[in-house]
$ cat protein39.cif   # mmCIF, C-alpha atoms
data_run
#
loop_
_atom_site.label_atom_id
_atom_site.label_comp_id
_atom_site.auth_asym_id
_atom_site.auth_seq_id
_atom_site.Cartn_x
_atom_site.Cartn_y
_atom_site.Cartn_z
CA MET V 1 193.74 108.50 86.34
CA PRO V 2 197.00 110.44 86.09
CA ILE V 3 196.18 111.14 82.42
CA THR V 4 193.18 113.34 83.12
CA ALA V 5 193.93 117.03 83.60
CA ARG V 6 193.63 117.99 87.28
CA PRO V 7 190.67 120.43 86.87
CA VAL V 8 188.82 117.71 84.99
CA ALA V 9 189.59 115.06 87.61
CA ARG V 10 188.36 117.44 90.30
CA VAL V 11 184.94 117.91 88.69
CA VAL V 12 184.69 114.15 88.14
CA ASP V 13 185.52 113.60 91.83
CA GLU V 14 183.04 116.16 93.09
CA LEU V 15 180.26 114.92 90.83
CA SER V 16 180.80 111.28 91.87
CA ARG V 17 180.12 112.29 95.46
CA LEU V 18 176.50 113.06 94.53
CA PRO V 19 174.00 110.28 95.23
CA GLY V 20 173.27 108.02 92.26
CA ILE V 21 176.17 109.36 90.21
CA GLY V 22 178.97 106.86 89.71
CA PRO V 23 182.44 107.58 88.34
CA LYS V 24 181.41 106.79 84.74
CA THR V 25 178.43 109.14 84.79
CA ALA V 26 180.54 111.79 86.50
CA GLN V 27 183.11 111.47 83.73
CA ARG V 28 180.46 111.75 81.02
CA LEU V 29 178.91 114.81 82.66
CA THR V 30 182.30 116.47 83.07
CA TYR V 31 183.22 116.03 79.42
CA TYR V 32 179.78 117.27 78.48
CA LEU V 33 180.39 120.43 80.51
CA LEU V 34 183.78 120.82 78.84
CA ARG V 35 182.16 120.79 75.42
CA ALA V 36 179.07 122.81 76.33
CA PRO V 37 179.12 126.61 75.91
CA SER V 38 180.96 128.09 78.87
CA GLU V 39 177.86 130.05 79.95
CA HIS V 40 176.20 126.74 80.76
CA ALA V 41 178.98 125.56 83.09
CA GLN V 42 179.16 129.04 84.58
CA ALA V 43 175.41 129.19 85.19
CA LEU V 44 175.46 125.80 86.88
CA ALA V 45 178.40 126.73 89.12
CA GLU V 46 176.78 130.03 90.11
CA ALA V 47 173.43 128.42 90.82
CA ILE V 48 175.08 125.87 93.12
CA MET V 49 177.10 128.61 94.80
CA ASP V 50 173.94 130.63 95.51
CA LEU V 51 172.00 127.61 96.69
CA LYS V 52 173.24 127.60 100.26
CA GLN V 53 173.69 131.33 100.59
CA LYS V 54 170.32 132.57 99.42
CA VAL V 55 168.10 129.96 100.99
CA VAL V 56 166.69 129.80 104.53
CA LEU V 57 164.14 127.71 106.40
CA CYS V 58 160.72 129.30 106.85
CA SER V 59 160.32 130.26 110.51
CA GLN V 60 156.80 128.83 110.54
CA CYS V 61 156.67 125.70 108.40
CA TYR V 62 160.42 125.01 107.99
CA ASN V 63 160.09 124.69 104.24
CA ILE V 64 163.10 125.79 102.20
CA THR V 65 162.50 129.34 101.04
CA GLU V 66 164.12 132.56 99.93
CA MET V 67 162.38 134.68 102.54
CA SER V 68 160.81 133.80 105.84
CA PRO V 69 157.86 133.34 106.27
CA CYS V 70 157.62 131.45 103.00
CA GLU V 71 155.23 132.07 100.13
CA ILE V 72 152.69 129.57 101.43
CA CYS V 73 152.76 130.74 105.05
CA SER V 74 152.44 134.40 104.02
CA ASN V 75 149.69 133.74 101.45
CA GLU V 76 146.52 135.10 103.01
CA GLY V 77 144.35 133.14 100.61
CA ARG V 78 145.33 129.87 102.24
CA ASP V 79 143.42 128.03 104.92
CA THR V 80 145.25 128.36 108.25
CA SER V 81 143.03 125.84 110.05
CA ARG V 82 144.77 122.87 108.40
CA ILE V 83 148.41 121.81 108.67
CA CYS V 84 149.78 119.07 106.48
CA VAL V 85 152.87 117.49 108.06
CA VAL V 86 155.47 116.17 105.61
CA GLU V 87 158.96 114.72 105.93
CA GLU V 88 160.78 116.71 103.25
CA PRO V 89 160.41 119.99 101.32
CA LEU V 90 160.05 117.97 98.11
CA ASP V 91 156.86 116.43 99.50
CA ILE V 92 155.29 119.91 99.47
CA VAL V 93 156.13 120.23 95.78
CA ALA V 94 154.37 116.92 95.12
CA LEU V 95 151.29 117.87 97.14
CA GLU V 96 151.04 121.33 95.60
CA ARG V 97 151.13 119.76 92.17
CA THR V 98 147.78 118.09 92.92
CA GLY V 99 146.15 121.52 93.32
CA GLN V 100 143.81 119.89 95.86
CA TYR V 101 145.16 121.31 99.07
CA ASN V 102 144.91 124.90 100.22
CA GLY V 103 146.11 124.68 103.81
CA GLN V 104 149.45 125.15 105.57
CA TYR V 105 152.39 122.78 105.73
CA HIS V 106 154.95 121.71 108.29
CA VAL V 107 158.23 120.10 107.27
CA LEU V 108 159.72 117.66 109.80
CA HIS V 109 163.01 117.30 107.88
CA GLY V 110 163.09 113.56 108.26
CA ALA V 111 161.29 110.73 110.00
CA ILE V 112 161.97 108.90 113.24
CA SER V 113 164.46 106.16 112.45
CA PRO V 114 166.29 104.45 115.35
CA ILE V 115 168.53 102.62 112.85
CA GLU V 116 169.84 105.88 111.44
CA GLY V 117 169.92 107.44 114.90
CA ILE V 118 167.19 109.96 114.11
CA GLY V 119 165.04 110.56 117.19
CA PRO V 120 162.14 113.00 117.66
CA GLU V 121 164.60 115.69 118.83
CA GLU V 122 166.27 115.76 115.41
CA LEU V 123 162.95 116.61 113.74
CA LYS V 124 160.90 119.81 113.80
CA ILE V 125 158.35 118.24 116.14
CA ARG V 126 158.63 120.69 119.03
CA GLU V 127 158.10 123.46 116.48
CA LEU V 128 154.94 121.74 115.22
CA LEU V 129 153.49 121.44 118.74
CA HIS V 130 154.32 125.09 119.31
CA ARG V 131 152.24 126.00 116.23
CA LEU V 132 149.35 123.85 117.42
CA GLY V 133 149.36 125.63 120.78
CA SER V 134 149.16 129.13 119.35
CA ASP V 135 147.28 128.79 116.04
CA ARG V 136 143.61 128.08 115.49
CA VAL V 137 144.38 124.75 113.87
CA GLN V 138 141.47 122.35 113.44
CA GLU V 139 143.08 119.51 111.52
CA VAL V 140 146.54 118.03 111.22
CA ILE V 141 147.03 115.86 108.12
CA LEU V 142 149.91 113.45 108.58
CA ALA V 143 151.48 112.99 105.15
CA THR V 144 154.62 111.12 106.17
CA ASN V 145 155.87 108.45 103.77
CA PRO V 146 153.94 105.15 103.72
CA ASN V 147 156.85 103.13 105.14
CA LEU V 148 158.07 101.94 108.52
CA GLU V 149 159.73 105.20 109.54
CA GLY V 150 156.90 107.35 108.22
CA ASP V 151 154.27 105.29 110.02
CA ALA V 152 156.25 105.29 113.27
CA THR V 153 156.56 109.08 113.02
CA ALA V 154 152.83 109.43 112.34
CA MET V 155 151.96 107.26 115.36
CA TYR V 156 154.31 109.23 117.57
CA LEU V 157 152.81 112.52 116.40
CA THR V 158 149.24 111.28 116.86
CA ARG V 159 149.96 110.61 120.53
CA LEU V 160 151.56 114.03 121.01
CA ILE V 161 148.78 115.92 119.24
CA HIS V 162 146.00 114.08 121.12
CA PRO V 163 145.94 116.49 124.13
CA PHE V 164 145.37 119.46 121.79
CA LYS V 165 141.90 118.15 120.83
CA ILE V 166 142.67 118.62 117.16
CA GLU V 167 141.52 116.24 114.46
CA VAL V 168 144.40 114.12 113.17
CA THR V 169 144.09 112.44 109.76
CA ARG V 170 146.47 110.66 107.45
CA LEU V 171 146.58 110.15 103.67
CA ALA V 172 144.53 107.22 102.35
CA ARG V 173 146.27 103.93 101.66
CA GLY V 174 145.22 101.87 98.67
CA LEU V 175 145.98 101.00 95.09
CA PRO V 176 147.95 103.59 93.10
CA VAL V 177 146.41 104.75 89.83
CA GLY V 178 147.79 102.82 86.89
CA GLY V 179 148.68 99.91 89.17
CA ASP V 180 147.83 96.31 88.52
CA LEU V 181 145.81 94.37 91.09
CA GLU V 182 147.65 91.21 90.16
CA TYR V 183 151.00 92.70 91.15
CA ALA V 184 149.87 94.65 94.22
CA ASP V 185 151.59 93.55 97.45
CA GLU V 186 149.54 92.09 100.31
CA ILE V 187 149.77 95.11 102.57
CA THR V 188 148.68 97.57 99.86
CA LEU V 189 145.81 95.27 98.92
CA SER V 190 144.80 94.82 102.58
CA ASN V 191 144.84 98.61 102.96
CA ALA V 192 142.73 98.98 99.82
CA LEU V 193 140.19 96.47 101.12
CA ALA V 194 140.03 98.00 104.59
CA GLY V 195 139.59 101.49 103.14
CA ARG V 196 137.00 100.57 100.49
CA SER V 197 134.38 103.20 99.86
CA GLN V 198 130.77 103.08 98.68
CA LEU V 199 130.01 103.94 95.05
CA MET S 1 156.83 124.83 90.58
CA PRO S 2 156.08 128.22 92.07
CA ILE S 3 156.48 126.66 95.53
CA THR S 4 160.18 125.97 95.22
CA ALA S 5 162.48 128.81 96.29
CA ARG S 6 164.03 130.50 93.24
CA PRO S 7 167.68 129.55 93.99
CA VAL S 8 166.56 125.95 94.38
CA ALA S 9 164.58 125.99 91.13
CA ARG S 10 167.61 127.45 89.36
CA VAL S 11 169.90 124.60 90.39
CA VAL S 12 167.21 122.08 89.42
CA ASP S 13 166.92 123.78 86.01
CA GLU S 14 170.65 123.86 85.39
CA LEU S 15 171.15 120.26 86.47
CA SER S 16 168.30 119.01 84.26
CA ARG S 17 170.12 120.41 81.25
CA LEU S 18 172.87 117.84 81.75
CA PRO S 19 172.58 114.69 79.62
CA GLY S 20 170.87 111.77 81.34
CA ILE S 21 169.60 113.88 84.24
CA GLY S 22 165.85 114.35 84.25
CA PRO S 23 163.86 116.79 86.38
CA LYS S 24 163.32 114.24 89.19
CA THR S 25 167.00 113.38 89.48
CA ALA S 26 167.88 117.08 89.29
CA GLN S 27 165.47 117.75 92.17
CA ARG S 28 166.93 114.94 94.26
CA LEU S 29 170.48 116.14 93.64
CA THR S 30 169.56 119.72 94.50
CA TYR S 31 168.00 118.77 97.81
CA TYR S 32 170.99 116.57 98.51
CA LEU S 33 173.27 119.57 97.95
CA LEU S 34 171.07 121.66 100.24
CA ARG S 35 171.49 119.17 103.06
CA ALA S 36 175.16 118.38 102.44
CA PRO S 37 177.86 120.39 104.25
CA SER S 38 178.26 123.68 102.44
CA GLU S 39 181.92 122.93 101.64
CA HIS S 40 180.70 120.15 99.37
CA ALA S 41 178.44 122.39 97.30
CA GLN S 42 181.14 125.06 97.28
CA ALA S 43 183.81 122.61 96.13
CA LEU S 44 181.58 121.37 93.32
CA ALA S 45 180.75 124.89 92.16
CA GLU S 46 184.39 125.94 92.20
CA ALA S 47 185.53 122.83 90.37
CA ILE S 48 182.99 123.48 87.60
CA MET S 49 183.99 127.14 87.45
CA ASP S 50 187.67 126.20 87.03
CA LEU S 51 186.92 123.51 84.48
CA LYS S 52 186.74 125.78 81.46
CA GLN S 53 189.25 128.34 82.64
CA LYS S 54 192.15 126.12 83.58
CA VAL S 55 191.92 123.61 80.76
CA VAL S 56 193.33 123.82 77.22
CA LEU S 57 193.79 121.50 74.29
CA CYS S 58 197.28 120.05 73.84
CA SER S 59 198.86 121.68 70.80
CA GLN S 60 200.14 118.31 69.59
CA CYS S 61 197.56 115.62 70.34
CA TYR S 62 194.50 117.81 71.15
CA ASN S 63 193.86 115.98 74.39
CA ILE S 64 192.34 118.05 77.20
CA THR S 65 195.14 119.17 79.49
CA GLU S 66 196.27 121.75 82.00
CA MET S 67 199.42 122.66 80.08
CA SER S 68 200.38 122.28 76.46
CA PRO S 69 202.02 120.00 75.37
CA CYS S 70 200.23 117.52 77.61
CA GLU S 71 201.77 115.03 80.00
CA ILE S 72 201.81 112.26 77.43
CA CYS S 73 203.25 114.33 74.58
CA SER S 74 205.97 115.77 76.82
CA ASN S 75 206.85 112.41 78.40
CA GLU S 76 210.19 111.43 76.90
CA GLY S 77 209.77 107.82 78.00
CA ARG S 78 207.00 107.31 75.45
CA ASP S 79 207.36 105.88 71.99
CA THR S 80 206.97 108.66 69.41
CA SER S 81 206.86 106.29 66.45
CA ARG S 82 203.27 105.27 67.13
CA ILE S 83 200.15 107.46 67.14
CA CYS S 84 196.84 106.09 68.36
CA VAL S 85 193.93 108.06 66.90
CA VAL S 86 190.83 108.30 69.13
CA GLU S 87 187.53 110.15 68.93
CA GLU S 88 187.35 111.60 72.43
CA PRO S 89 189.69 112.46 75.33
CA LEU S 90 187.88 109.86 77.46
CA ASP S 91 189.08 107.16 75.05
CA ILE S 92 192.64 107.97 76.08
CA VAL S 93 191.72 107.39 79.70
CA ALA S 94 190.31 103.96 78.77
CA LEU S 95 193.37 103.00 76.69
CA GLU S 96 195.82 104.19 79.35
CA ARG S 97 194.03 102.06 81.90
CA THR S 98 195.11 98.95 80.00
CA GLY S 99 198.77 99.83 80.60
CA GLN S 100 199.53 98.14 77.28
CA TYR S 101 200.25 101.16 75.12
CA ASN S 102 203.24 103.45 75.40
CA GLY S 103 202.91 105.56 72.26
CA GLN S 104 201.39 108.93 71.43
CA TYR S 105 197.73 109.83 70.91
CA HIS S 106 195.71 112.07 68.65
CA VAL S 107 192.20 113.18 69.57
CA LEU S 108 189.86 113.85 66.64
CA HIS S 109 187.11 115.34 68.85
CA GLY S 110 184.36 113.41 67.13
CA ALA S 111 183.73 111.15 64.18
CA ILE S 112 182.50 111.84 60.67
CA SER S 113 178.71 111.83 60.82
CA PRO S 114 176.74 113.29 57.90
CA ILE S 115 173.51 112.93 59.91
CA GLU S 116 174.81 115.22 62.64
CA GLY S 117 176.48 117.45 60.10
CA ILE S 118 180.00 116.60 61.22
CA GLY S 119 182.37 116.51 58.27
CA PRO S 120 186.14 115.97 58.20
CA GLU S 121 186.70 119.73 58.58
CA GLU S 122 185.11 119.68 62.04
CA LEU S 123 187.64 117.10 63.26
CA LYS S 124 191.34 117.44 64.02
CA ILE S 125 192.27 115.56 60.83
CA ARG S 126 194.38 118.25 59.18
CA GLU S 127 196.34 118.46 62.44
CA LEU S 128 196.92 114.70 62.36
CA LEU S 129 198.26 114.79 58.79
CA HIS S 130 200.50 117.67 59.80
CA ARG S 131 202.00 115.49 62.57
CA LEU S 132 202.52 112.60 60.15
CA GLY S 133 204.39 114.85 57.76
CA SER S 134 206.84 116.17 60.31
CA ASP S 135 207.28 113.36 62.84
CA ARG S 136 209.04 110.05 62.42
CA VAL S 137 205.82 108.12 62.81
CA GLN S 138 205.90 104.47 61.75
CA GLU S 139 202.43 103.32 62.75
CA VAL S 140 199.00 104.91 63.11
CA ILE S 141 196.56 102.88 65.20
CA LEU S 142 192.98 103.81 64.40
CA ALA S 143 191.01 103.41 67.63
CA THR S 144 187.75 105.04 66.58
CA ASN S 145 184.57 103.54 67.99
CA PRO S 146 183.39 100.24 66.47
CA ASN S 147 180.24 101.75 64.95
CA LEU S 148 179.14 103.26 61.65
CA GLU S 149 180.62 106.71 62.26
CA GLY S 150 183.84 105.36 63.73
CA ASP S 151 184.35 102.94 60.85
CA ALA S 152 183.63 105.62 58.24
CA THR S 153 186.15 107.90 59.94
CA ALA S 154 188.73 105.10 60.01
CA MET S 155 188.23 104.38 56.31
CA TYR S 156 188.52 108.06 55.44
CA LEU S 157 191.72 108.37 57.47
CA THR S 158 193.22 105.22 55.94
CA ARG S 159 192.89 106.74 52.50
CA LEU S 160 194.43 110.04 53.61
CA ILE S 161 197.35 108.38 55.42
CA HIS S 162 198.15 106.02 52.52
CA PRO S 163 200.46 108.48 50.66
CA PHE S 164 202.62 108.85 53.79
CA LYS S 165 203.78 105.21 53.52
CA ILE S 166 202.97 104.66 57.20
CA GLU S 167 201.54 101.43 58.57
CA VAL S 168 197.87 101.87 59.49
CA THR S 169 196.26 99.41 61.90
CA ARG S 170 192.98 99.28 63.76
CA LEU S 171 191.89 97.65 67.03
CA ALA S 172 190.87 94.00 66.80
CA ARG S 173 187.18 93.14 66.50
CA GLY S 174 185.86 90.07 68.28
CA LEU S 175 184.11 88.77 71.34
CA PRO S 176 184.38 90.93 74.47
CA VAL S 177 185.69 89.22 77.60
CA GLY S 178 182.85 88.03 79.81
CA GLY S 179 180.55 87.90 76.80
CA ASP S 180 178.32 85.00 75.89
CA LEU S 181 178.67 83.39 72.47
CA GLU S 182 174.95 82.62 72.48
CA TYR S 183 174.05 86.28 72.72
CA ALA S 184 176.74 87.70 70.46
CA ASP S 185 175.37 89.55 67.42
CA GLU S 186 176.13 88.30 63.90
CA ILE S 187 178.60 91.03 63.03
CA THR S 188 180.64 90.61 66.19
CA LEU S 189 180.68 86.86 65.67
CA SER S 190 181.64 87.24 62.00
CA ASN S 191 184.47 89.55 63.07
CA ALA S 192 185.59 87.04 65.69
CA LEU S 193 185.62 84.25 63.09
CA ALA S 194 187.47 86.29 60.49
CA GLY S 195 190.06 87.40 63.03
CA ARG S 196 190.64 83.99 64.62
CA SER S 197 194.19 83.29 65.72
CA GLN S 198 196.26 80.15 66.09
CA LEU S 199 196.77 78.71 69.60
#
$ encode --input "protein39.cif" --output "structure tokens"
Amino acid sequence: MPITARPVARVVDELSRLPGIGPKTAQRLTYYLLRAPSEHAQALAEAIMDLKQKVVLCSQCYNITEMSPCEICSNEGRDTSRICVVEEPLDIVALERTGQYNGQYHVLHGAISPIEGIGPEELKIRELLHRLGSDRVQEVILATNPNLEGDATAMYLTRLIHPFKIEVTRLARGLPVGGDLEYADEITLSNALAGRSQL
Amino acid sequence: MPITARPVARVVDELSRLPGIGPKTAQRLTYYLLRAPSEHAQALAEAIMDLKQKVVLCSQCYNITEMSPCEICSNEGRDTSRICVVEEPLDIVALERTGQYNGQYHVLHGAISPIEGIGPEELKIRELLHRLGSDRVQEVILATNPNLEGDATAMYLTRLIHPFKIEVTRLARGLPVGGDLEYADEITLSNALAGRSQL
């Protein structure tokens, strides 16, 4: 596009590098920013600029935070006997939204995936075992994603945590709320059957 | 989300204000930026920052450009006897991509839309008439969008341009390439019939 002004083309280029944003969307967003009040574009640019500079990983749970230890780890009202292990920081946001969990977290920053070349060393697994050795942890809840990589990671962790004599649990598998039995896949339905509970 | 670090929440907020980007997408993009090399986030922020500062409207055609007059208006190889009137700068990009047009452009920056409160005064119509009065323009091609607002704008312009004794044309209406006759709407099909050409 030699017709587009260079600063415009640059924003289009940079935006199209984001996941799920194609060149057309990038173009639309760029022209939106051009028309929007300049404070909006400015605020966005500054927020992105600050993102990397003002954010660190919590030294305990490896969540993304402004100060280490993070708000959850330093909250004395929270149960320190439970650690919920998740793959990504966003998973903590989802779990916190339930309001049903008051323990600690541990972010692995990924899952074991031989295809993508992610082994246990790439994840915060050593750091988790270190916490189990020193803390008075009674239960580890494995909340990895319910897919191949997540399950492999959970199995791997179960074996590693075994010597610590700590209870290891994982999130229930079954039918999602709002789902339709007719359209449920075999594995989900098998899980739902196997995990059936008395009423 | 009190759990998300403030700089992270800020980027999520700012991104969700963009059209077509909901809170979930904004969250995904933010965490992508967090994980991406910091040059990427930096480059994006800088590009957005520059966007408003380094860009002006061309004093002739009102296209978005780095320098005024823009590349097209200052290109002596282009036909100055034809002006193609479009609603948005992006329309120029689309028309240039065809490689079939070598004339000038004029960007209205919108279309007449009483519902949105956009009248002729909000558009660059006076500026267009000014160009017609001074230039040796022989043809004005109305390339507004083929919808209610675009058609109303085209009709309005036709009436205004009439006294100048300049030929006024508009883009052909008909079946889009790759379309399916079976699924074409009545108006498109009527247009295609009315505009049929001899083979």
$ residues_around --input "protein39.cif" --residues "V:Leu160" --least-positions-apart "6" --cutoff "10 Å" --atoms "all atoms listed in the file" --output "list in words"
Ile125, Arg126, Leu129 and Ala154 of chain V
$ atom_distance --input "protein39.cif" --atom1 "atom CA of S:Met67" --atom2 "atom CA of V:Ala43"
25.4 Å
$ resolve_selection --input "protein39.cif" --expression "the PyMOL selection byres ((chain S) within 6 of (chain V))" --output "ChimeraX atom specification"
/S:5,7,11,14,42,44-45,47-49,51,65-66
$ atom_distance --input "protein39.cif" --atom1 "atom CA of S:Thr169" --atom2 "atom CA of S:Glu139"
7.4 Å
$ atom_distance --input "protein39.cif" --atom1 "atom CA of V:Leu171" --atom2 "atom CA of V:Gln100"
12.8 Å
$ resolve_selection --input "protein39.cif" --expression "the PyMOL selection byres ((chain V and resi 188) around 12)" --output "list in words"
Pro146, Asn147, Ala172, Arg173, Gly174, Leu175, Pro176, Gly179, Asp180, Leu181, Glu182, Tyr183, Ala184, Asp185, Glu186, Ile187, Leu189, Ser190, Asn191, Ala192, Leu193, Ala194 and Gly195 of chain V
$ resolve_selection --input "protein39.cif" --expression "the PyMOL selection byres ((chain V and resi 111-113) around 8)" --output "MDAnalysis selection string"
chainID V and resid 87 108:110 114:120 123 144 149:150 152:153
$ closest_residue --input "protein39.cif" --among "S:Pro69, S:Tyr105, S:Leu199, S:Ala26" --to "S:Val86" --atoms "all atoms listed in the file"
S:Tyr105
$ residues_around --input "protein39.cif" --residues "V:Leu132" --least-positions-apart "6" --cutoff "12 Å" --atoms "only C-alpha atoms" --output "ChimeraX atom specification"
/V:60-61,80-85,104,106,125-126,138-140,157,160-168
$ axis_aligned_box --input "protein39.cif" --around "stretch 192-199 of chain V" --padding-each-side "6 Å" --output "AutoDock Vina command-line options"
--center_x 136.4 --center_y 100.2 --center_z 99.8 --size_x 24.7 --size_y 19.5 --size_z 21.5
$ decode --input "protein39.cif" --residues "stretch 90-98 of chain V" --atoms "all heavy atoms" --output "mmCIF file, in the first residue's frame"
data_model
loop_
_atom_site.group_PDB
_atom_site.id
_atom_site.type_symbol
_atom_site.label_atom_id
_atom_site.label_comp_id
_atom_site.auth_asym_id
_atom_site.auth_seq_id
_atom_site.Cartn_x
_atom_site.Cartn_y
_atom_site.Cartn_z
ATOM 1 N N LEU V 90 -4.094 -15.639 33.376
ATOM 2 C CA LEU V 90 -5.514 -15.404 33.102
ATOM 3 C C LEU V 90 -6.403 -16.432 33.793
ATOM 4 O O LEU V 90 -7.567 -16.161 34.087
ATOM 5 C CB LEU V 90 -5.781 -15.455 31.599
ATOM 6 C CG LEU V 90 -5.620 -14.145 30.847
ATOM 7 C CD1 LEU V 90 -5.889 -14.346 29.374
ATOM 8 C CD2 LEU V 90 -6.600 -13.111 31.405
ATOM 9 N N ASP V 91 -5.862 -17.637 34.018
ATOM 10 C CA ASP V 91 -6.645 -18.675 34.689
ATOM 11 C C ASP V 91 -6.982 -18.243 36.119
ATOM 12 O O ASP V 91 -8.045 -18.574 36.647
ATOM 13 C CB ASP V 91 -5.874 -19.993 34.715
ATOM 14 C CG ASP V 91 -5.538 -20.478 33.302
ATOM 15 O OD1 ASP V 91 -6.298 -20.126 32.371
ATOM 16 O OD2 ASP V 91 -4.543 -21.190 33.138
ATOM 17 N N ILE V 92 -6.070 -17.497 36.748
ATOM 18 C CA ILE V 92 -6.330 -16.997 38.104
ATOM 19 C C ILE V 92 -7.514 -16.035 38.078
ATOM 20 O O ILE V 92 -8.405 -16.098 38.933
ATOM 21 C CB ILE V 92 -5.074 -16.285 38.678
ATOM 22 C CG1 ILE V 92 -3.946 -17.295 38.840
ATOM 23 C CG2 ILE V 92 -5.407 -15.597 40.003
ATOM 24 C CD1 ILE V 92 -2.710 -16.730 39.511
ATOM 25 N N VAL V 93 -7.536 -15.168 37.056
ATOM 26 C CA VAL V 93 -8.653 -14.224 36.931
ATOM 27 C C VAL V 93 -9.971 -14.989 36.864
ATOM 28 O O VAL V 93 -10.946 -14.652 37.526
ATOM 29 C CB VAL V 93 -8.458 -13.344 35.668
ATOM 30 C CG1 VAL V 93 -9.643 -12.408 35.483
ATOM 31 C CG2 VAL V 93 -7.166 -12.550 35.768
ATOM 32 N N ALA V 94 -9.983 -16.058 36.061
ATOM 33 C CA ALA V 94 -11.211 -16.851 35.898
ATOM 34 C C ALA V 94 -11.617 -17.517 37.215
ATOM 35 O O ALA V 94 -12.787 -17.495 37.604
ATOM 36 C CB ALA V 94 -11.010 -17.899 34.809
ATOM 37 N N LEU V 95 -10.637 -18.077 37.922
ATOM 38 C CA LEU V 95 -10.950 -18.768 39.178
ATOM 39 C C LEU V 95 -11.391 -17.789 40.253
ATOM 40 O O LEU V 95 -12.319 -18.067 41.024
ATOM 41 C CB LEU V 95 -9.733 -19.570 39.660
ATOM 42 C CG LEU V 95 -9.490 -20.877 38.893
ATOM 43 C CD1 LEU V 95 -8.069 -21.369 39.099
ATOM 44 C CD2 LEU V 95 -10.483 -21.944 39.346
ATOM 45 N N GLU V 96 -10.745 -16.625 40.308
ATOM 46 C CA GLU V 96 -11.121 -15.623 41.304
ATOM 47 C C GLU V 96 -12.537 -15.120 41.081
ATOM 48 O O GLU V 96 -13.240 -14.766 42.017
ATOM 49 C CB GLU V 96 -10.137 -14.444 41.267
ATOM 50 C CG GLU V 96 -8.817 -14.730 41.934
ATOM 51 C CD GLU V 96 -8.978 -15.033 43.412
ATOM 52 O OE1 GLU V 96 -9.479 -14.169 44.160
ATOM 53 O OE2 GLU V 96 -8.625 -16.157 43.837
ATOM 54 N N ARG V 97 -12.938 -15.100 39.816
ATOM 55 C CA ARG V 97 -14.271 -14.617 39.486
ATOM 56 C C ARG V 97 -15.362 -15.512 40.100
ATOM 57 O O ARG V 97 -16.478 -15.057 40.322
ATOM 58 C CB ARG V 97 -14.436 -14.544 37.964
ATOM 59 C CG ARG V 97 -15.017 -13.214 37.520
ATOM 60 C CD ARG V 97 -15.240 -13.180 36.022
ATOM 61 N NE ARG V 97 -14.038 -12.852 35.288
ATOM 62 C CZ ARG V 97 -13.562 -13.534 34.243
ATOM 63 N NH1 ARG V 97 -14.205 -14.599 33.801
ATOM 64 N NH2 ARG V 97 -12.463 -13.153 33.644
ATOM 65 N N THR V 98 -15.036 -16.782 40.362
ATOM 66 C CA THR V 98 -16.029 -17.669 40.975
ATOM 67 C C THR V 98 -16.282 -17.284 42.425
ATOM 68 O O THR V 98 -17.355 -17.555 42.961
ATOM 69 C CB THR V 98 -15.556 -19.143 40.968
ATOM 70 O OG1 THR V 98 -14.444 -19.266 41.865
ATOM 71 C CG2 THR V 98 -15.152 -19.600 39.582
#
